[in-house]
file protein29.txt (compact mmCIF, C-alpha atoms and all ligand atoms)
# COMPACT_ATOMS: atom_id res chain seq x y z
CA MET A 1 -11.35 -17.88 -8.18
CA ALA A 2 -7.62 -18.23 -7.86
CA LYS A 3 -5.31 -17.26 -10.66
CA SER A 4 -4.14 -20.21 -12.70
CA ASN A 5 -0.52 -19.75 -11.72
CA GLU A 6 -1.16 -19.86 -7.99
CA LYS A 7 0.32 -22.95 -6.48
CA ILE A 8 -0.07 -23.64 -2.78
CA LEU A 9 2.17 -26.00 -0.89
CA VAL A 10 0.56 -27.80 2.04
CA VAL A 11 2.82 -29.43 4.61
CA GLU A 12 0.81 -31.44 7.11
CA ASP A 13 1.41 -34.88 8.59
CA GLU A 14 -2.19 -35.61 9.55
CA GLU A 15 -3.83 -37.13 6.53
CA ASP A 16 -7.38 -35.97 7.29
CA ILE A 17 -6.34 -32.36 7.71
CA ARG A 18 -4.03 -32.48 4.71
CA GLU A 19 -6.88 -33.70 2.55
CA LEU A 20 -9.36 -31.23 3.99
CA ILE A 21 -7.05 -28.30 3.28
CA SER A 22 -6.10 -29.56 -0.18
CA TYR A 23 -9.69 -30.20 -1.17
CA ASN A 24 -10.89 -26.77 -0.13
CA LEU A 25 -8.05 -24.95 -1.86
CA GLN A 26 -8.46 -26.96 -5.05
CA ARG A 27 -12.15 -26.14 -5.04
CA GLU A 28 -11.16 -22.47 -5.12
CA GLY A 29 -9.04 -23.08 -8.19
CA PHE A 30 -5.62 -23.29 -6.57
CA GLU A 31 -3.11 -25.87 -7.63
CA VAL A 32 -2.15 -27.79 -4.50
CA VAL A 33 0.98 -29.78 -3.75
CA ALA A 34 0.91 -31.63 -0.44
CA HIS A 35 3.69 -33.16 1.64
CA GLU A 36 3.82 -34.95 4.98
CA THR A 37 7.14 -34.05 6.51
CA GLY A 38 9.15 -30.92 7.10
CA GLU A 39 12.05 -32.19 5.02
CA GLU A 40 9.83 -32.93 2.02
CA GLY A 41 8.01 -29.66 2.43
CA LEU A 42 11.22 -27.67 2.56
CA LYS A 43 12.56 -29.39 -0.55
CA ALA A 44 9.29 -28.80 -2.41
CA ALA A 45 9.18 -25.14 -1.41
CA ILE A 46 12.68 -24.58 -2.76
CA GLU A 47 11.96 -26.42 -6.00
CA LEU A 48 8.44 -25.25 -6.74
CA LYS A 49 8.53 -21.68 -5.41
CA PRO A 50 4.84 -21.84 -4.52
CA SER A 51 2.68 -18.73 -4.11
CA LEU A 52 1.98 -19.73 -0.54
CA VAL A 53 2.94 -22.39 2.01
CA LEU A 54 0.50 -23.74 4.57
CA LEU A 55 2.79 -25.15 7.18
CA ASP A 56 1.82 -27.33 10.11
CA ILE A 57 3.93 -26.60 13.19
CA MET A 58 4.09 -30.09 14.70
CA LEU A 59 5.68 -32.27 12.08
CA PRO A 60 7.78 -35.40 12.47
CA GLY A 61 11.45 -34.55 12.08
CA LEU A 62 11.98 -30.99 10.97
CA SER A 63 9.26 -28.89 12.64
CA GLY A 64 7.18 -26.27 10.88
CA ILE A 65 9.05 -23.56 12.77
CA GLU A 66 12.38 -24.88 11.52
CA VAL A 67 11.07 -25.08 7.97
CA CYS A 68 9.73 -21.54 8.27
CA LYS A 69 13.07 -20.31 9.56
CA LYS A 70 14.97 -21.92 6.71
CA LEU A 71 12.60 -20.60 4.05
CA LYS A 72 12.45 -17.08 5.44
CA GLY A 73 16.19 -17.02 5.96
CA ASP A 74 17.00 -17.87 2.36
CA PRO A 75 16.79 -14.96 -0.11
CA LYS A 76 15.54 -17.36 -2.78
CA THR A 77 12.50 -18.40 -0.78
CA GLY A 78 12.22 -15.58 1.77
CA SER A 79 9.41 -13.82 -0.06
CA ILE A 80 7.13 -16.86 -0.22
CA PRO A 81 4.28 -16.21 2.21
CA ILE A 82 3.77 -18.77 4.97
CA ILE A 83 0.65 -19.47 7.00
CA LEU A 84 1.36 -21.59 10.06
CA VAL A 85 -1.13 -24.25 11.02
CA SER A 86 -1.07 -24.84 14.74
CA ALA A 87 -2.82 -26.94 17.32
CA LYS A 88 -4.18 -25.50 20.55
CA GLY A 89 -1.47 -24.78 23.08
CA GLU A 90 1.15 -23.89 20.50
CA GLU A 91 0.91 -20.14 21.09
CA THR A 92 4.60 -19.86 21.87
CA ASP A 93 5.43 -21.47 18.55
CA ILE A 94 3.06 -19.11 16.76
CA VAL A 95 4.77 -16.10 18.30
CA VAL A 96 8.19 -17.44 17.34
CA GLY A 97 6.92 -18.24 13.85
CA LEU A 98 5.53 -14.74 13.31
CA GLU A 99 8.75 -13.23 14.61
CA ILE A 100 10.84 -15.18 12.15
CA GLY A 101 8.65 -14.06 9.30
CA ALA A 102 5.51 -16.22 9.04
CA ASP A 103 2.72 -14.15 7.51
CA ASP A 104 -0.27 -15.50 9.39
CA TYR A 105 -1.52 -18.56 11.26
CA VAL A 106 -4.63 -20.64 11.78
CA THR A 107 -5.42 -22.75 14.82
CA LYS A 108 -6.89 -26.23 14.61
CA PRO A 109 -9.71 -26.97 14.45
CA PHE A 110 -10.40 -24.33 11.80
CA SER A 111 -13.20 -23.93 9.34
CA PRO A 112 -12.10 -24.51 5.74
CA LYS A 113 -13.79 -21.23 4.81
CA ILE A 114 -11.60 -19.29 7.21
CA LEU A 115 -8.49 -21.06 6.02
CA VAL A 116 -9.28 -20.20 2.39
CA ALA A 117 -10.06 -16.59 3.34
CA ARG A 118 -6.75 -16.26 5.20
CA ALA A 119 -4.87 -17.77 2.29
CA LYS A 120 -6.47 -15.33 -0.14
CA ALA A 121 -5.81 -12.38 2.16
CA VAL A 122 -2.13 -13.26 2.44
CA LEU A 123 -1.85 -13.67 -1.33
CA ARG A 124 -3.54 -10.31 -1.88
CA ARG A 125 -1.20 -8.62 0.57
CA LYS A 126 1.78 -10.16 -1.19
CA GLU A 127 0.55 -8.99 -4.57
CA LYS A 128 0.22 -5.45 -3.25
CA GLU A 129 3.75 -5.51 -1.88
CA ASN A 130 5.04 -6.49 -5.29
CA GLU A 131 3.47 -3.53 -7.02
CA PRO A 132 6.00 -0.81 -7.77
CA ALA A 133 6.43 1.37 -4.74
CA GLU A 134 4.64 4.64 -5.02
CA THR A 135 7.03 7.51 -5.19
CA THR A 136 6.54 10.15 -2.57
CA ASP A 137 9.26 12.33 -4.05
CA GLY A 138 8.26 15.94 -4.06
CA MET A 139 5.21 15.25 -1.91
CA LEU A 140 4.13 18.54 -0.48
CA GLU A 141 2.46 18.81 2.91
CA ILE A 142 1.57 22.10 4.51
CA HIS A 143 -1.09 22.88 7.09
CA LYS A 144 -3.85 20.48 6.08
CA LEU A 145 -2.96 20.53 2.41
CA SER A 146 -1.20 17.64 0.77
CA MET A 147 -0.12 17.53 -2.88
CA HIS A 148 1.26 14.63 -4.86
CA PRO A 149 3.00 16.11 -7.91
CA GLY A 150 3.48 12.83 -9.76
CA ARG A 151 -0.23 12.14 -9.70
CA PHE A 152 -1.62 15.64 -9.61
CA GLU A 153 -3.56 14.73 -6.50
CA VAL A 154 -4.58 17.28 -3.94
CA SER A 155 -6.29 16.76 -0.65
CA ILE A 156 -7.24 18.88 2.30
CA ASP A 157 -7.56 17.08 5.58
CA GLY A 158 -7.74 13.87 3.58
CA ASN A 159 -10.53 15.07 1.28
CA SER A 160 -9.56 14.89 -2.34
CA ILE A 161 -9.85 18.05 -4.48
CA GLN A 162 -9.93 18.08 -8.27
CA LEU A 163 -7.72 20.73 -9.83
CA THR A 164 -6.71 21.28 -13.43
CA VAL A 165 -3.04 20.87 -14.26
CA SER A 166 -2.38 24.59 -14.29
CA GLU A 167 -4.36 25.18 -11.10
CA PHE A 168 -2.33 22.41 -9.52
CA LYS A 169 0.93 23.97 -10.60
CA ILE A 170 0.01 27.41 -9.34
CA LEU A 171 -1.03 26.10 -5.95
CA GLN A 172 2.06 23.92 -5.75
CA TYR A 173 4.34 26.83 -6.59
CA LEU A 174 2.80 29.07 -3.96
CA ALA A 175 2.51 26.43 -1.25
CA LYS A 176 6.09 25.33 -1.75
CA HIS A 177 7.29 28.73 -0.61
CA PRO A 178 4.87 29.79 2.10
CA GLY A 179 5.17 33.41 3.09
CA TRP A 180 6.84 34.45 -0.16
CA VAL A 181 5.11 36.87 -2.45
CA PHE A 182 5.15 36.07 -6.14
CA THR A 183 4.26 38.35 -8.99
CA ARG A 184 1.93 37.18 -11.70
CA SER A 185 4.79 37.02 -14.16
CA GLN A 186 6.85 34.85 -11.80
CA ILE A 187 3.92 32.53 -11.44
CA VAL A 188 3.48 32.41 -15.20
CA ASP A 189 7.13 31.49 -15.65
CA ALA A 190 6.93 28.81 -13.01
CA VAL A 191 3.85 27.03 -14.23
CA ARG A 192 3.94 27.54 -17.97
CA GLY A 193 3.54 24.35 -19.94
CA ASP A 194 3.52 23.62 -23.63
CA ASP A 195 -0.05 22.42 -23.72
CA TYR A 196 -1.74 25.16 -21.82
CA PRO A 197 -1.01 28.82 -22.30
CA VAL A 198 -0.85 30.81 -19.09
CA THR A 199 -0.99 34.57 -19.15
CA GLU A 200 -0.73 37.06 -16.29
CA ARG A 201 -4.40 37.83 -16.60
CA SER A 202 -5.32 34.17 -16.58
CA ILE A 203 -3.48 33.72 -13.27
CA ASP A 204 -6.13 35.84 -11.57
CA VAL A 205 -8.88 33.74 -13.08
CA GLN A 206 -7.14 30.53 -12.06
CA VAL A 207 -6.59 31.70 -8.50
CA VAL A 208 -10.29 32.48 -8.21
CA GLY A 209 -10.96 28.94 -9.43
CA ILE A 210 -8.49 27.38 -7.00
CA ARG A 211 -9.91 29.29 -4.05
CA LYS A 212 -13.40 28.19 -4.94
CA LYS A 213 -12.35 24.55 -5.11
CA LEU A 214 -10.43 24.73 -1.86
CA GLY A 215 -13.37 26.23 0.02
CA GLU A 216 -12.30 27.76 3.33
CA PHE A 217 -8.77 26.60 2.78
CA GLY A 218 -8.67 28.94 -0.22
CA ASN A 219 -8.04 31.77 2.26
CA TYR A 220 -4.47 30.54 2.47
CA ILE A 221 -3.86 32.08 -0.92
CA GLU A 222 -3.56 35.77 -0.15
CA THR A 223 -3.77 38.51 -2.71
CA VAL A 224 -0.93 40.93 -2.17
CA ARG A 225 -2.28 44.11 -3.64
CA GLY A 226 -0.27 45.46 -6.49
CA VAL A 227 2.20 42.60 -6.36
CA GLY A 228 0.71 39.20 -6.75
CA TYR A 229 0.00 36.26 -4.50
CA ARG A 230 1.32 34.60 -1.41
CA PHE A 231 0.58 31.36 0.41
CA LYS A 232 0.11 32.07 4.12
CA GLU A 233 2.92 30.76 6.20
CA LYS A 234 1.12 30.67 9.51
CA GLU A 235 -1.57 28.13 10.09
CA ASP A 236 -4.90 29.85 10.27
CA GLU A 237 -6.75 28.76 13.37
CA GLN A 238 -10.12 29.47 11.90
CA ILE A 239 -9.64 27.03 9.08
CA CA B 301 0.96 -32.16 12.96

call {"tool": "encode", "arguments": {"input": "protein29.txt", "output": "C-alpha cells"}}
result
Amino acid sequence: MAKSNEKILVVEDEEDIRELISYNLQREGFEVVAHETGEEGLKAAIELKPSLVLLDIMLPGLSGIEVCKKLKGDPKTGSIPIILVSAKGEETDIVVGLEIGADDYVTKPFSPKILVARAKAVLRRKEKENEPAETTDGMLEIHKLSMHPGRFEVSIDGNSIQLTVSEFKILQYLAKHPGWVFTRSQIVDAVRGDDYPVTERSIDVQVVGIRKKLGEFGNYIETVRGVGYRFKEKEDEQI
C-alpha cells in the first residue's frame, strides 16, 4: 500500500483514461488529484507539490512536454518525479520529455497494473535518492580488496568478509601502505582503541585470524621475519 502522504497528480484530458488511472491509484492507497489541462496541472503541481505527476503529452493548450519542462526547470518543483503518458506515435515527444527530465513514460493503451507498478518504481527510486548520500571518504581499494572504513565493511572481489574491529584496522593500516614493512609496535600504535587492548603478541594472533578469513587473499599479508608485516604491493597473479 502507498504511504498516506503520497499524493499523485494526474493530468489527462480524456475522461475515461483520467478515471481509469485515478481509480487504480486510489485503490492502491494513493491520494489522487486529477486535472484536465496543462495549465491546471501546472498550477496544481506548484501548489500541491505532489509525490508524483502522471502527465499526458497531448493536452489542449499547454502540452505535457511544456508542463514537464516548466516543472523540471523550476527548482521548487524540479525534484517532483514525472511519468509521461503518451499515445502511439509520440516517440519523439517521449525522447524530448526524458531529455528534459521526465522520469519514465507509459504508452496508451496501458494496463492499469503496469501503470501502478511504474508509479511505485519511480517513487521508490526517488525515495532512495533522498536518502543521505553514502560517504565513500577513505574508501580503500587495492587489488581485489575493498574496505569501507565508515562501515567496517570488507570485500574481496565483491564477496563480503566479516572482520572484527581490530582485525579491520590492522588490515586497513597495512593495505593503505602496500609494500611498506611495519613492526608490531607500529601496528599496535596505529590500531589501538580504547575498547580493545592490542598488544604486540596479539597482533600475531590477529594476523593469523585475518589471513584465515581472507582465504587465498590472506597471502597478501606477508610476514617479514624479525620485523613485522607488510601488505604486498604487487598483484599476485595466482590469487
Ligand atoms: Ca490527451

call {"tool": "residues_near_ligand", "arguments": {"input": "protein29.txt", "ligand": "ligand CA 301 (chain B)", "cutoff": "12 Å", "atoms": "all atoms listed in the file", "output": "ChimeraX atom specification"}}
result
/A:10-18,35-38,54-65,84-88,90,107-109

call {"tool": "residues_around", "arguments": {"input": "protein29.txt", "residues": "Ile221 in chain A", "least_positions_apart": "5", "cutoff": "8 Å", "atoms": "only C-alpha atoms", "output": "ChimeraX atom specification"}}
result
/A:174,211,229-232

call {"tool": "closest_residue", "arguments": {"input": "protein29.txt", "among": "A:Leu214, A:Val53, A:Val181, A:Gln206", "to": "Val227 in chain A", "atoms": "all atoms listed in the file"}}
result
A:Val181

call {"tool": "atom_distance", "arguments": {"input": "protein29.txt", "atom1": "CA of Pro178 in chain A", "atom2": "CA of Met139 in chain A"}}
result
15.1 Å

call {"tool": "atom_distance", "arguments": {"input": "protein29.txt", "atom1": "CA of Val207 in chain A", "atom2": "CA of Leu171 in chain A"}}
result
8.3 Å

call {"tool": "atom_distance", "arguments": {"input": "protein29.txt", "atom1": "CA of Val154 in chain A", "atom2": "CA of Lys169 in chain A"}}
result
10.9 Å

call {"tool": "residues_around", "arguments": {"input": "protein29.txt", "residues": "Arg118 in chain A", "least_positions_apart": "3", "cutoff": "10 Å", "atoms": "only C-alpha atoms", "output": "list in words"}}
result
Ile83, Asp103, Asp104, Tyr105, Val106, Pro112, Lys113, Ile114, Leu115, Ala121, Val122, Leu123 and Arg124 of chain A

call {"tool": "decode", "arguments": {"input": "protein29.txt", "residues": "range 99-124 of chain A", "atoms": "N, CA and C atoms", "output": "short mmCIF file (atom, residue, chain, number, x, y, z; two decimals), in the first residue's frame"}}
result
data_model
loop_
_atom_site.label_atom_id
_atom_site.label_comp_id
_atom_site.auth_asym_id
_atom_site.auth_seq_id
_atom_site.Cartn_x
_atom_site.Cartn_y
_atom_site.Cartn_z
N GLU A 99 14.60 13.65 -22.02
CA GLU A 99 15.79 14.51 -22.02
C GLU A 99 15.62 15.75 -21.16
N ILE A 100 14.41 16.23 -21.05
CA ILE A 100 14.22 17.41 -20.19
C ILE A 100 13.89 17.02 -18.75
N GLY A 101 13.98 15.72 -18.47
CA GLY A 101 13.92 15.35 -17.06
C GLY A 101 12.78 14.44 -16.62
N ALA A 102 11.87 14.06 -17.55
CA ALA A 102 10.81 13.13 -17.15
C ALA A 102 11.46 11.84 -16.66
N ASP A 103 10.82 11.19 -15.70
CA ASP A 103 11.44 10.03 -15.06
C ASP A 103 11.10 8.71 -15.73
N ASP A 104 9.96 8.67 -16.38
CA ASP A 104 9.55 7.44 -17.05
C ASP A 104 8.37 7.77 -17.95
N TYR A 105 7.87 6.78 -18.68
CA TYR A 105 6.69 7.02 -19.51
C TYR A 105 5.91 5.73 -19.65
N VAL A 106 4.63 5.87 -19.97
CA VAL A 106 3.82 4.71 -20.36
C VAL A 106 3.13 5.07 -21.66
N THR A 107 2.87 4.05 -22.48
CA THR A 107 2.23 4.28 -23.76
C THR A 107 0.82 3.72 -23.74
N LYS A 108 -0.12 4.52 -24.22
CA LYS A 108 -1.51 4.07 -24.30
C LYS A 108 -1.65 3.08 -25.46
N PRO A 109 -2.46 2.07 -25.38
CA PRO A 109 -3.18 1.68 -24.18
C PRO A 109 -2.26 0.92 -23.22
N PHE A 110 -2.40 1.18 -21.94
CA PHE A 110 -1.54 0.50 -20.96
C PHE A 110 -2.43 -0.24 -19.98
N SER A 111 -1.85 -1.25 -19.36
CA SER A 111 -2.64 -1.95 -18.34
C SER A 111 -2.49 -1.17 -17.03
N PRO A 112 -3.58 -1.02 -16.30
CA PRO A 112 -3.52 -0.29 -15.03
C PRO A 112 -2.45 -0.85 -14.10
N LYS A 113 -2.29 -2.17 -14.15
CA LYS A 113 -1.29 -2.81 -13.28
C LYS A 113 0.11 -2.28 -13.58
N ILE A 114 0.40 -2.17 -14.88
CA ILE A 114 1.73 -1.69 -15.27
C ILE A 114 1.91 -0.23 -14.87
N LEU A 115 0.87 0.54 -15.06
CA LEU A 115 0.94 1.95 -14.68
C LEU A 115 1.24 2.09 -13.18
N VAL A 116 0.52 1.32 -12.37
CA VAL A 116 0.73 1.38 -10.92
C VAL A 116 2.16 0.93 -10.56
N ALA A 117 2.61 -0.14 -11.23
CA ALA A 117 3.96 -0.65 -10.96
C ALA A 117 5.02 0.40 -11.31
N ARG A 118 4.82 1.07 -12.44
CA ARG A 118 5.78 2.12 -12.85
C ARG A 118 5.77 3.27 -11.84
N ALA A 119 4.57 3.63 -11.42
CA ALA A 119 4.45 4.73 -10.45
C ALA A 119 5.19 4.38 -9.17
N LYS A 120 4.99 3.16 -8.70
CA LYS A 120 5.65 2.75 -7.45
C LYS A 120 7.16 2.70 -7.63
N ALA A 121 7.59 2.22 -8.79
CA ALA A 121 9.04 2.13 -9.04
C ALA A 121 9.68 3.51 -9.03
N VAL A 122 9.02 4.47 -9.66
CA VAL A 122 9.56 5.83 -9.69
C VAL A 122 9.59 6.43 -8.29
N LEU A 123 8.55 6.17 -7.51
CA LEU A 123 8.52 6.68 -6.14
C LEU A 123 9.62 6.06 -5.28
N ARG A 124 9.84 4.78 -5.49
CA ARG A 124 10.91 4.08 -4.74
C ARG A 124 12.27 4.67 -5.08
#
